[in-house]
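What follows is a single structure, written as structure tokens, with notes after it.
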Amino acid sequence: MSTFEIGERDFLLDGRPHRVVSGALHYFRVHPDLWADRIRSARLLGLNTIETYVAWNFHAPRRGEFDLTGPRDLGRFLDLVAAEGMHAIVRPGPYICAEWDNGGLPAWLLADPSIGVRRHEPGFMAAIGEYLDAVLPVVAARQVDRGGPVVAVQVENEYGAYGDDKGYLQALVDLTRAGGITVPLFTCDQADDAMLERGGLPGLLRTATFGSRAAERLAILRRHQPTGPLMCMEFWNGWFDSWGLPHHVAPAEANAQDLDDLLAAGASVNLYMVHGGTNLGLTNGANHKGTYLPITTSYDYDAPIAEHGAATAKYHAMRAVLARHVPVPDELPDTLPPAPVRAVALTHRAPLAALLDVVAGVPRAWDHVPTADEAGHWNGFVVYRTRVRADDRVLVVGEVRDRAVVLLDGEPVGVLSRTAHEHVLPLPARAGELTVLVEDQGRVNYGPRIGEPKGLVGPVRTAVRELTAWTTSALLVDPLPAAATDRLAPVPADEPVAGPALLAGAFDAEPGVDHFWSTDGWGKGLVWVNGTLLGRYWSAMPTRTLYVPGPLVRERNEVVVLELGGAVDAVVRCVAEPVLGPVDV
């Protein structure tokens, strides 16, 4: 069996110096039928290792459940890495950030106010123990010293940017070793003296994260890692996008030069990301540094391998650099053809308010306005209902997390928005049933707001009184109940769409072929293809297309759209390539 060790200045593979040239590729952001293709493209770039986080909440939607099947089959993903002749680095958190919902931590756990987030607190540690008991056997069985691909495992993630509880870090080390992990363990932090000190432990390899000024950042790392290999665990060769901001692009030439500088210094590297993929469903996270900003559905990241698997200009620029430092295969990935261009008419529709009896869960009554977490709803949409009088006249919410469409007797009266700081809304001067459809646009994935509750944060008042009698229920969107589309009525597709509304249509296609759905002309909502929730779209941009992975496409295809605002018509248009801009120049 092979061995992987940390030497005085190098990684040692079977006792010989070995440079790790890795790329981040998250299995949970890629359709499982495309894992092998993306791994192969990474190898043809010149990489010898694939790195992946493990998102705890992706595997454990509820406490006591742990799913390792289908898109959650971590073992199969690691086996495909091995089949490609590559090694693997696994970063199981428990916190991962990754612009992922809640940084990977389960909302059901942090809903308990007694839980000590990312510190040595009994409730938090007990839950982590359950998590690691479930996931570590998959990793342990595939370690390099057992004939598998895994050469290293991370402890926590950029902990120095959050806390300084060394007892917590040591407890994670102990749990990881007790779970059968024998390969080297490491920590990673930004190339900052204070963060590297807080986030590291004696006996563990420290690694750093940065995207430029390699000599300076490696010197900082060396101060905290006097011996052992130097490694940039996240070489930031791109960046994520947030709704309402421009598409981030890092110039290929500059990225390539920075990579050359890093490799010329003798360091190992992990490209973050080599392939970003997609925040499928309702999995995107959010940042809050003064303003709440949710992450887009596309996690293309301006990576060398684009969201749909194409080798980009950055791929070729970085490959040329890698060829100066490590062996690079002669073969290149295939050039992808343009995607089909077509228009799909959504011929059936109905107002969402008329479907709530089938798309909303069982209502629960309250004598106060609860948060979504108090009501046990961990992501997506929550339907709040109460009654208002003619003299109420205005709705005032303490805080909405994160966006709400407000309806009176099924008719839209306005929108409340956390990002836009809109928490007051005029109401018509009439009595009726008030429905507040609150969208969790993604839980904060970085900083002190991790674990904050979603939904309506009270009190909720009108001009004359506090509203205390409420019912809540979850909007069932993943999966969407079949009964919802059964009740849609034929409506000409050329008529404008007034939301919130559910629409459906069908199209024929060549099975297995990627598509790009243009969202131009649409407002905000969700799209399903053949029952799979692709994710969110929004006219706030920057993203103007939704990626439809080929494995979802069949000969005959069903499309469903939930439009929350409005659209010029009920036609979804497929375009030849992704549109991720506009770009901030």
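Chain lettering (A, B, ...) mirrors the order of the structure tokens, residue numbering begins at 1 for each chain separately, and ligand numbering begins at 1 in order of display.
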Taking 2 positions as the minimum chain separation for residues in the same chain, which residues sit within 9 Å of A:Trp470 when counting only C-alpha atoms? Answer as a short mmCIF file (atom, residue, chain, number, x, y, z; two decimals) with N, CA and C atoms, in the first residue's frame.
data_model
loop_
_atom_site.label_atom_id
_atom_site.label_comp_id
_atom_site.auth_asym_id
_atom_site.auth_seq_id
_atom_site.Cartn_x
_atom_site.Cartn_y
_atom_site.Cartn_z
N ARG A 364 -49.77 25.27 10.98
CA ARG A 364 -49.64 25.21 12.43
C ARG A 364 -50.00 26.58 12.99
N ALA A 365 -50.81 26.60 14.04
CA ALA A 365 -51.29 27.86 14.61
C ALA A 365 -50.34 28.37 15.68
N TRP A 366 -50.23 29.72 15.76
CA TRP A 366 -49.35 30.38 16.72
C TRP A 366 -50.05 31.58 17.34
N ASP A 367 -49.64 31.90 18.58
CA ASP A 367 -50.15 33.12 19.21
C ASP A 367 -49.13 34.26 19.12
N HIS A 368 -48.13 34.07 18.26
CA HIS A 368 -47.13 35.09 17.97
C HIS A 368 -46.55 34.77 16.60
N VAL A 369 -45.80 35.68 16.04
CA VAL A 369 -45.20 35.39 14.74
C VAL A 369 -43.90 34.62 14.99
N PRO A 370 -43.81 33.35 14.54
CA PRO A 370 -42.60 32.57 14.80
C PRO A 370 -41.58 32.77 13.68
N TYR A 384 -46.88 32.40 5.74
CA TYR A 384 -47.46 32.97 6.96
C TYR A 384 -48.85 33.51 6.61
N ARG A 385 -49.85 33.24 7.48
CA ARG A 385 -51.20 33.75 7.26
C ARG A 385 -51.77 34.33 8.54
N THR A 386 -52.52 35.41 8.37
CA THR A 386 -53.27 36.02 9.46
C THR A 386 -54.40 36.82 8.83
N ARG A 387 -55.22 37.46 9.66
CA ARG A 387 -56.28 38.31 9.13
C ARG A 387 -56.03 39.76 9.53
N LEU A 467 -49.91 42.13 15.27
CA LEU A 467 -50.56 40.93 14.75
C LEU A 467 -49.96 39.71 15.45
N THR A 468 -50.80 38.97 16.16
CA THR A 468 -50.29 37.85 16.97
C THR A 468 -50.88 36.50 16.57
N THR A 472 -48.54 29.01 10.09
CA THR A 472 -47.40 28.85 9.19
C THR A 472 -47.43 27.47 8.56
#
- prompt: Which residues, written as a list of chain:residue names, have at least one atom at most 9 Å from A:Val155, with only C-alpha atoms counted and residues fewer than 5 positions away on the same chain left out?
  reply: A:Arg91, A:Pro92, A:Gly93, A:Pro94, A:Leu169, A:Leu172, A:Val173, A:Thr176, A:Leu185, A:Phe186, A:Thr187, A:Cys188, A:Leu204
Let's have the selection written as a PDB file, in the first residue's frame, with N, CA, C and O atoms.
ATOM      1  N   ARG A  91     -12.285  17.539   2.928  1.00  0.00           N
ATOM      2  CA  ARG A  91     -12.437  18.599   3.937  1.00  0.00           C
ATOM      3  C   ARG A  91     -13.861  18.512   4.512  1.00  0.00           C
ATOM      4  O   ARG A  91     -14.770  19.171   4.035  1.00  0.00           O
ATOM      5  N   PRO A  92     -14.027  17.695   5.563  1.00  0.00           N
ATOM      6  CA  PRO A  92     -15.371  17.435   6.078  1.00  0.00           C
ATOM      7  C   PRO A  92     -15.907  18.475   7.049  1.00  0.00           C
ATOM      8  O   PRO A  92     -16.971  18.279   7.633  1.00  0.00           O
ATOM      9  N   GLY A  93     -15.198  19.564   7.245  1.00  0.00           N
ATOM     10  CA  GLY A  93     -15.694  20.601   8.157  1.00  0.00           C
ATOM     11  C   GLY A  93     -15.438  20.260   9.620  1.00  0.00           C
ATOM     12  O   GLY A  93     -14.320  19.912   9.969  1.00  0.00           O
ATOM     13  N   PRO A  94     -16.493  20.338  10.437  1.00  0.00           N
ATOM     14  CA  PRO A  94     -17.921  20.361  10.117  1.00  0.00           C
ATOM     15  C   PRO A  94     -18.424  21.661   9.469  1.00  0.00           C
ATOM     16  O   PRO A  94     -19.488  21.662   8.859  1.00  0.00           O
ATOM     17  N   LEU A 169     -10.697  22.616  18.504  1.00  0.00           N
ATOM     18  CA  LEU A 169      -9.899  22.047  17.414  1.00  0.00           C
ATOM     19  C   LEU A 169      -9.302  20.697  17.814  1.00  0.00           C
ATOM     20  O   LEU A 169      -9.306  19.741  17.036  1.00  0.00           O
ATOM     21  N   LEU A 172     -11.826  17.977  17.690  1.00  0.00           N
ATOM     22  CA  LEU A 172     -12.070  17.535  16.314  1.00  0.00           C
ATOM     23  C   LEU A 172     -10.970  16.588  15.849  1.00  0.00           C
ATOM     24  O   LEU A 172     -11.247  15.596  15.162  1.00  0.00           O
ATOM     25  N   VAL A 173      -9.726  16.895  16.205  1.00  0.00           N
ATOM     26  CA  VAL A 173      -8.616  15.995  15.866  1.00  0.00           C
ATOM     27  C   VAL A 173      -8.851  14.621  16.494  1.00  0.00           C
ATOM     28  O   VAL A 173      -8.718  13.586  15.831  1.00  0.00           O
ATOM     29  N   THR A 176     -11.606  12.759  14.749  1.00  0.00           N
ATOM     30  CA  THR A 176     -11.198  12.344  13.405  1.00  0.00           C
ATOM     31  C   THR A 176     -10.283  11.128  13.468  1.00  0.00           C
ATOM     32  O   THR A 176     -10.442  10.172  12.699  1.00  0.00           O
ATOM     33  N   LEU A 185      -3.383  15.165   8.854  1.00  0.00           N
ATOM     34  CA  LEU A 185      -4.434  16.146   9.083  1.00  0.00           C
ATOM     35  C   LEU A 185      -3.841  17.543   8.919  1.00  0.00           C
ATOM     36  O   LEU A 185      -2.654  17.768   9.190  1.00  0.00           O
ATOM     37  N   PHE A 186      -4.676  18.492   8.497  1.00  0.00           N
ATOM     38  CA  PHE A 186      -4.181  19.854   8.310  1.00  0.00           C
ATOM     39  C   PHE A 186      -5.288  20.858   8.636  1.00  0.00           C
ATOM     40  O   PHE A 186      -6.463  20.522   8.714  1.00  0.00           O
ATOM     41  N   THR A 187      -4.852  22.097   8.859  1.00  0.00           N
ATOM     42  CA  THR A 187      -5.771  23.224   8.978  1.00  0.00           C
ATOM     43  C   THR A 187      -5.482  24.187   7.841  1.00  0.00           C
ATOM     44  O   THR A 187      -4.423  24.120   7.209  1.00  0.00           O
ATOM     45  N   CYS A 188      -6.412  25.084   7.575  1.00  0.00           N
ATOM     46  CA  CYS A 188      -6.165  26.114   6.568  1.00  0.00           C
ATOM     47  C   CYS A 188      -6.765  27.424   7.037  1.00  0.00           C
ATOM     48  O   CYS A 188      -7.842  27.459   7.626  1.00  0.00           O
ATOM     49  N   LEU A 204      -0.251  19.618  13.566  1.00  0.00           N
ATOM     50  CA  LEU A 204      -1.022  19.604  12.327  1.00  0.00           C
ATOM     51  C   LEU A 204      -0.341  20.503  11.300  1.00  0.00           C
ATOM     52  O   LEU A 204       0.189  21.565  11.644  1.00  0.00           O
TER      53      LEU A 204
END
- request: Pick out the residues sitting within 10 Å of A:Leu427, and hand them over as a PyMOL selection string; count only C-alpha atoms, and ignore anything fewer than 2 positions along from it in its own chain.
  value: chain A and resi 388-395+406-408+413-414+424-425+429-431+434+462-463
- prompt: Got a sec to tell me which of stretch 112-300 of chain A DSSP assigns to strand (DSSP E), as a ChimeraX atom specification?
  reply: /A:150-154,185-190,205-210,231-236,268-275,286-288,292-294
For the residues in that selection, give me N, CA and C atoms as a compact mmCIF listing (two decimals), in the first residue's frame.
# COMPACT_ATOMS: atom_id res chain seq x y z
N VAL A 150 -7.36 8.89 -0.90
CA VAL A 150 -7.35 10.00 0.06
C VAL A 150 -5.98 10.11 0.72
N VAL A 151 -5.36 11.29 0.56
CA VAL A 151 -4.01 11.51 1.12
C VAL A 151 -4.01 12.45 2.31
N ALA A 152 -5.07 13.23 2.51
CA ALA A 152 -5.09 14.18 3.62
C ALA A 152 -6.52 14.56 3.94
N VAL A 153 -6.76 14.96 5.19
CA VAL A 153 -8.08 15.36 5.67
C VAL A 153 -7.95 16.64 6.47
N GLN A 154 -8.86 17.56 6.24
CA GLN A 154 -8.81 18.86 6.94
C GLN A 154 -9.58 18.82 8.24
N LEU A 185 -3.38 15.16 8.85
CA LEU A 185 -4.43 16.15 9.08
C LEU A 185 -3.84 17.54 8.92
N PHE A 186 -4.68 18.49 8.50
CA PHE A 186 -4.18 19.85 8.31
C PHE A 186 -5.29 20.86 8.64
N THR A 187 -4.85 22.10 8.86
CA THR A 187 -5.77 23.22 8.98
C THR A 187 -5.48 24.19 7.84
N CYS A 188 -6.41 25.08 7.58
CA CYS A 188 -6.16 26.11 6.57
C CYS A 188 -6.77 27.42 7.04
N ASP A 189 -6.01 28.50 6.81
CA ASP A 189 -6.44 29.84 7.19
C ASP A 189 -5.90 30.83 6.18
N GLN A 190 -6.46 32.03 6.19
CA GLN A 190 -5.92 33.07 5.35
C GLN A 190 -4.47 33.37 5.75
N LEU A 205 -0.39 20.09 10.05
CA LEU A 205 0.14 20.94 8.98
C LEU A 205 -0.75 22.15 8.82
N ARG A 206 -0.13 23.33 8.82
CA ARG A 206 -0.86 24.56 8.51
C ARG A 206 -0.74 24.84 7.02
N THR A 207 -1.86 25.23 6.41
CA THR A 207 -1.86 25.67 5.02
C THR A 207 -2.55 27.03 4.96
N ALA A 208 -2.35 27.73 3.84
CA ALA A 208 -2.87 29.09 3.73
C ALA A 208 -3.78 29.22 2.51
N THR A 209 -4.57 30.30 2.50
CA THR A 209 -5.45 30.62 1.38
C THR A 209 -5.10 32.01 0.85
N PHE A 210 -4.94 32.13 -0.45
CA PHE A 210 -4.66 33.42 -1.09
C PHE A 210 -4.73 33.23 -2.60
N MET A 231 1.90 24.94 1.43
CA MET A 231 0.80 24.68 0.51
C MET A 231 -0.24 25.78 0.59
N CYS A 232 -0.64 26.25 -0.57
CA CYS A 232 -1.80 27.14 -0.68
C CYS A 232 -3.01 26.24 -0.86
N MET A 233 -3.80 26.09 0.18
CA MET A 233 -4.94 25.16 0.12
C MET A 233 -6.10 25.73 -0.67
N GLU A 234 -6.17 27.05 -0.79
CA GLU A 234 -7.15 27.67 -1.69
C GLU A 234 -6.44 28.76 -2.48
N PHE A 235 -6.04 28.43 -3.70
CA PHE A 235 -5.49 29.43 -4.60
C PHE A 235 -6.68 30.02 -5.35
N TRP A 236 -7.05 31.25 -4.99
CA TRP A 236 -8.29 31.85 -5.49
C TRP A 236 -8.10 32.31 -6.92
N SER A 268 3.10 23.53 -2.94
CA SER A 268 1.97 22.76 -3.46
C SER A 268 0.75 23.68 -3.53
N VAL A 269 -0.26 23.23 -4.29
CA VAL A 269 -1.38 24.14 -4.55
C VAL A 269 -2.68 23.36 -4.69
N ASN A 270 -3.76 24.02 -4.31
CA ASN A 270 -5.11 23.53 -4.60
C ASN A 270 -5.88 24.69 -5.23
N LEU A 271 -6.23 24.55 -6.51
CA LEU A 271 -6.97 25.60 -7.20
C LEU A 271 -8.39 25.66 -6.65
N TYR A 272 -8.79 26.85 -6.22
CA TYR A 272 -10.17 27.02 -5.74
C TYR A 272 -10.84 28.08 -6.61
N MET A 273 -11.65 27.61 -7.56
CA MET A 273 -12.06 26.26 -7.88
C MET A 273 -11.43 25.83 -9.20
N VAL A 274 -11.23 24.51 -9.40
CA VAL A 274 -10.91 24.06 -10.75
C VAL A 274 -12.20 23.94 -11.56
N HIS A 275 -13.30 23.60 -10.86
CA HIS A 275 -14.62 23.56 -11.48
C HIS A 275 -15.64 23.89 -10.39
N ALA A 286 -25.09 32.76 1.60
CA ALA A 286 -25.18 34.22 1.51
C ALA A 286 -24.10 34.83 2.37
N ASN A 287 -23.76 36.06 2.08
CA ASN A 287 -22.83 36.81 2.91
C ASN A 287 -23.53 38.02 3.49
N HIS A 288 -23.05 38.48 4.64
CA HIS A 288 -23.64 39.65 5.28
C HIS A 288 -22.52 40.45 5.95
N TYR A 292 -27.09 42.13 3.40
CA TYR A 292 -27.32 40.72 3.10
C TYR A 292 -27.26 40.51 1.60
N LEU A 293 -26.40 39.59 1.13
CA LEU A 293 -26.22 39.32 -0.30
C LEU A 293 -26.23 37.81 -0.54
N PRO A 294 -27.31 37.28 -1.10
CA PRO A 294 -27.35 35.86 -1.41
C PRO A 294 -26.52 35.51 -2.64
task: Could you give me, as an NGL selection string, the residues within 10 Å of A:Val135, counting only C-alpha atoms and dropping anything in the same chain fewer than 6 positions from it?
output: :A and (54 or 56 or 59 or 66-68 or 74-75 or 92 or 179)
Just-selected residues, all heavy atoms written as a compact mmCIF listing (two decimals), in the first residue's frame:
# COMPACT_ATOMS: atom_id res chain seq x y z
N VAL A 54 -17.09 18.38 2.30
CA VAL A 54 -18.28 17.58 2.56
C VAL A 54 -19.27 18.50 3.28
O VAL A 54 -18.93 19.06 4.32
CB VAL A 54 -17.97 16.35 3.42
CG1 VAL A 54 -19.24 15.54 3.69
CG2 VAL A 54 -16.91 15.48 2.76
N TRP A 56 -22.23 18.92 5.51
CA TRP A 56 -22.97 18.18 6.51
C TRP A 56 -24.48 18.27 6.24
O TRP A 56 -25.18 17.25 6.22
CB TRP A 56 -22.61 18.74 7.88
CG TRP A 56 -23.24 18.11 9.08
CD1 TRP A 56 -24.14 17.08 9.11
CD2 TRP A 56 -23.00 18.48 10.45
NE1 TRP A 56 -24.48 16.79 10.43
CE2 TRP A 56 -23.79 17.62 11.25
CE3 TRP A 56 -22.19 19.43 11.06
CZ2 TRP A 56 -23.80 17.73 12.64
CZ3 TRP A 56 -22.19 19.53 12.45
CH2 TRP A 56 -22.98 18.68 13.22
N HIS A 59 -26.12 16.08 3.52
CA HIS A 59 -26.32 14.67 3.84
C HIS A 59 -27.33 14.46 4.96
O HIS A 59 -27.89 13.36 5.07
CB HIS A 59 -24.99 14.04 4.26
CG HIS A 59 -23.98 13.96 3.16
ND1 HIS A 59 -23.95 12.93 2.26
CD2 HIS A 59 -22.97 14.80 2.81
CE1 HIS A 59 -22.94 13.12 1.41
NE2 HIS A 59 -22.35 14.25 1.72
N PHE A 66 -28.97 10.34 7.61
CA PHE A 66 -27.71 10.60 6.91
C PHE A 66 -27.75 9.86 5.59
O PHE A 66 -27.80 8.64 5.56
CB PHE A 66 -26.50 10.17 7.73
CG PHE A 66 -25.24 10.90 7.33
CD1 PHE A 66 -24.97 12.15 7.84
CD2 PHE A 66 -24.36 10.35 6.41
CE1 PHE A 66 -23.83 12.85 7.46
CE2 PHE A 66 -23.22 11.02 6.02
CZ PHE A 66 -22.95 12.28 6.54
N ASP A 67 -27.74 10.60 4.51
CA ASP A 67 -27.94 10.06 3.17
C ASP A 67 -26.62 10.05 2.42
O ASP A 67 -25.98 11.09 2.26
CB ASP A 67 -28.98 10.91 2.43
CG ASP A 67 -29.40 10.31 1.09
OD1 ASP A 67 -28.80 9.29 0.68
OD2 ASP A 67 -30.31 10.86 0.46
N LEU A 68 -26.22 8.88 1.93
CA LEU A 68 -24.99 8.72 1.15
C LEU A 68 -25.31 8.09 -0.21
O LEU A 68 -24.48 7.37 -0.77
CB LEU A 68 -23.98 7.88 1.92
CG LEU A 68 -23.28 8.57 3.09
CD1 LEU A 68 -22.62 7.55 4.00
CD2 LEU A 68 -22.26 9.58 2.60
N LEU A 74 -20.64 10.12 -1.63
CA LEU A 74 -19.24 10.55 -1.52
C LEU A 74 -18.29 9.41 -1.87
O LEU A 74 -17.25 9.63 -2.51
CB LEU A 74 -18.98 11.06 -0.10
CG LEU A 74 -17.53 11.40 0.26
CD1 LEU A 74 -16.99 12.51 -0.62
CD2 LEU A 74 -17.42 11.76 1.74
N GLY A 75 -18.62 8.21 -1.46
CA GLY A 75 -17.75 7.07 -1.76
C GLY A 75 -17.58 6.86 -3.25
O GLY A 75 -16.47 6.62 -3.74
N PRO A 92 -14.03 17.69 5.56
CA PRO A 92 -15.37 17.44 6.08
C PRO A 92 -15.91 18.47 7.05
O PRO A 92 -16.97 18.28 7.63
CB PRO A 92 -15.20 16.09 6.78
CG PRO A 92 -13.79 16.09 7.25
CD PRO A 92 -13.01 16.85 6.21
N GLY A 179 -12.11 8.11 14.33
CA GLY A 179 -12.91 7.64 13.22
C GLY A 179 -12.12 6.88 12.17
O GLY A 179 -12.66 6.55 11.11
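Excluding A:Thr52 itself and any same-chain residue fewer than 3 positions from it, the protein and nucleic acid residues within 7 Å of it, counting only C-alpha atoms, are Ala24, Leu25, His26, Ile89, Val90 and Arg91 of chain A.
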message: Could you go through stretch 334-425 of chain A and tell me which residues DSSP, when run on the backbone, assigns to alpha helix (DSSP H), listing them as a PyMOL selection string?
response: chain A and resi 356-359
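Using only C-alpha atoms for every distance, the candidate list A:Leu475, A:Leu534, A:Ile181, A:Ala489 yields A:Leu475 as the residue closest to A:Val358.
Take the candidates A:Gly531, A:Pro500, A:Gly160, A:Pro448 and check each one against A:Val117 using only C-alpha atoms; the shortest distance goes to A:Pro448.
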Could you give me, as a Markdown table, a per-residue list for stretch 330-419 of chain A showing, wherever an atom lies at most 9 Å from an atom of stretch 480-487 of chain A, the closest pair of atoms and their distance in Å to one decimal, using only C-alpha atoms and sorting by chain then residue number from low to high?
| residue | atom | partner | partner_atom | distance |
| --- | --- | --- | --- | --- |
| A:His348 | CA | A:Thr485 | CA | 8.3 |
| A:Arg349 | CA | A:Thr485 | CA | 8.2 |
| A:Ala350 | CA | A:Arg487 | CA | 7.6 |
| A:Leu355 | CA | A:Ala484 | CA | 6.4 |
| A:Leu356 | CA | A:Ala484 | CA | 8.7 |
| A:Val358 | CA | A:Ala484 | CA | 6.2 |
| A:Val359 | CA | A:Pro481 | CA | 6.3 |
Expected file: the selected residues, N, CA and C atoms, as a PDB file, in the first residue's frame:
ATOM      1  N   HIS A 348     -49.752  26.030 -19.548  1.00  0.00           N
ATOM      2  CA  HIS A 348     -50.688  25.865 -18.438  1.00  0.00           C
ATOM      3  C   HIS A 348     -50.208  26.683 -17.252  1.00  0.00           C
ATOM      4  N   ARG A 349     -51.162  27.291 -16.536  1.00  0.00           N
ATOM      5  CA  ARG A 349     -50.772  28.105 -15.388  1.00  0.00           C
ATOM      6  C   ARG A 349     -51.928  28.251 -14.409  1.00  0.00           C
ATOM      7  N   ALA A 350     -51.581  28.734 -13.207  1.00  0.00           N
ATOM      8  CA  ALA A 350     -52.585  29.063 -12.191  1.00  0.00           C
ATOM      9  C   ALA A 350     -51.938  29.961 -11.157  1.00  0.00           C
ATOM     10  N   LEU A 355     -53.380  27.411  -5.331  1.00  0.00           N
ATOM     11  CA  LEU A 355     -52.776  26.087  -5.208  1.00  0.00           C
ATOM     12  C   LEU A 355     -52.234  25.801  -3.817  1.00  0.00           C
ATOM     13  N   LEU A 356     -52.380  26.755  -2.906  1.00  0.00           N
ATOM     14  CA  LEU A 356     -51.732  26.603  -1.605  1.00  0.00           C
ATOM     15  C   LEU A 356     -52.241  25.397  -0.829  1.00  0.00           C
ATOM     16  N   VAL A 358     -52.489  22.515  -1.926  1.00  0.00           N
ATOM     17  CA  VAL A 358     -51.729  21.325  -2.312  1.00  0.00           C
ATOM     18  C   VAL A 358     -50.212  21.553  -2.268  1.00  0.00           C
ATOM     19  N   VAL A 359     -49.762  22.794  -2.335  1.00  0.00           N
ATOM     20  CA  VAL A 359     -48.316  23.036  -2.335  1.00  0.00           C
ATOM     21  C   VAL A 359     -47.806  23.541  -0.992  1.00  0.00           C
TER      22      VAL A 359
END
query: Excluding same-chain residues fewer than 5 positions from A:Arg118, what lies within 8 Å of it counting only C-alpha atoms, as a PyMOL selection string?
result: chain A and resi 95+124+163+168
Create the file for the chosen residues now, containing all heavy atoms and written as a short mmCIF file (atom, residue, chain, number, x, y, z; two decimals), in the first residue's frame.
data_model
loop_
_atom_site.label_atom_id
_atom_site.label_comp_id
_atom_site.auth_asym_id
_atom_site.auth_seq_id
_atom_site.Cartn_x
_atom_site.Cartn_y
_atom_site.Cartn_z
N TYR A 95 -17.67 22.76 9.62
CA TYR A 95 -18.02 24.00 8.94
C TYR A 95 -17.16 24.11 7.69
O TYR A 95 -15.95 23.85 7.74
CB TYR A 95 -17.75 25.20 9.86
CG TYR A 95 -17.70 26.52 9.13
CD1 TYR A 95 -18.87 27.15 8.74
CD2 TYR A 95 -16.49 27.12 8.82
CE1 TYR A 95 -18.83 28.35 8.05
CE2 TYR A 95 -16.44 28.32 8.14
CZ TYR A 95 -17.62 28.94 7.76
OH TYR A 95 -17.56 30.12 7.08
N PHE A 124 -23.01 20.86 20.67
CA PHE A 124 -22.39 20.97 19.35
C PHE A 124 -21.47 19.79 19.10
O PHE A 124 -21.49 19.17 18.02
CB PHE A 124 -21.64 22.29 19.26
CG PHE A 124 -21.19 22.66 17.86
CD1 PHE A 124 -22.07 22.67 16.81
CD2 PHE A 124 -19.87 23.04 17.62
CE1 PHE A 124 -21.67 23.03 15.52
CE2 PHE A 124 -19.45 23.40 16.36
CZ PHE A 124 -20.35 23.39 15.30
N GLY A 163 -12.79 32.03 15.42
CA GLY A 163 -12.64 31.82 16.86
C GLY A 163 -11.23 31.44 17.24
O GLY A 163 -10.31 31.43 16.42
N TYR A 168 -11.61 23.06 21.15
CA TYR A 168 -12.53 22.62 20.10
C TYR A 168 -11.76 21.97 18.96
O TYR A 168 -12.12 20.87 18.49
CB TYR A 168 -13.32 23.84 19.62
CG TYR A 168 -14.06 23.67 18.32
CD1 TYR A 168 -15.05 22.70 18.17
CD2 TYR A 168 -13.78 24.50 17.24
CE1 TYR A 168 -15.75 22.57 16.97
CE2 TYR A 168 -14.48 24.38 16.04
CZ TYR A 168 -15.45 23.42 15.92
OH TYR A 168 -16.13 23.29 14.73
#
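Among the candidate residues A:Val400, A:Val405, A:Ala343, A:Ala215, the one lying nearest to A:Asp508 is A:Ala343, with distances computed using only C-alpha atoms.
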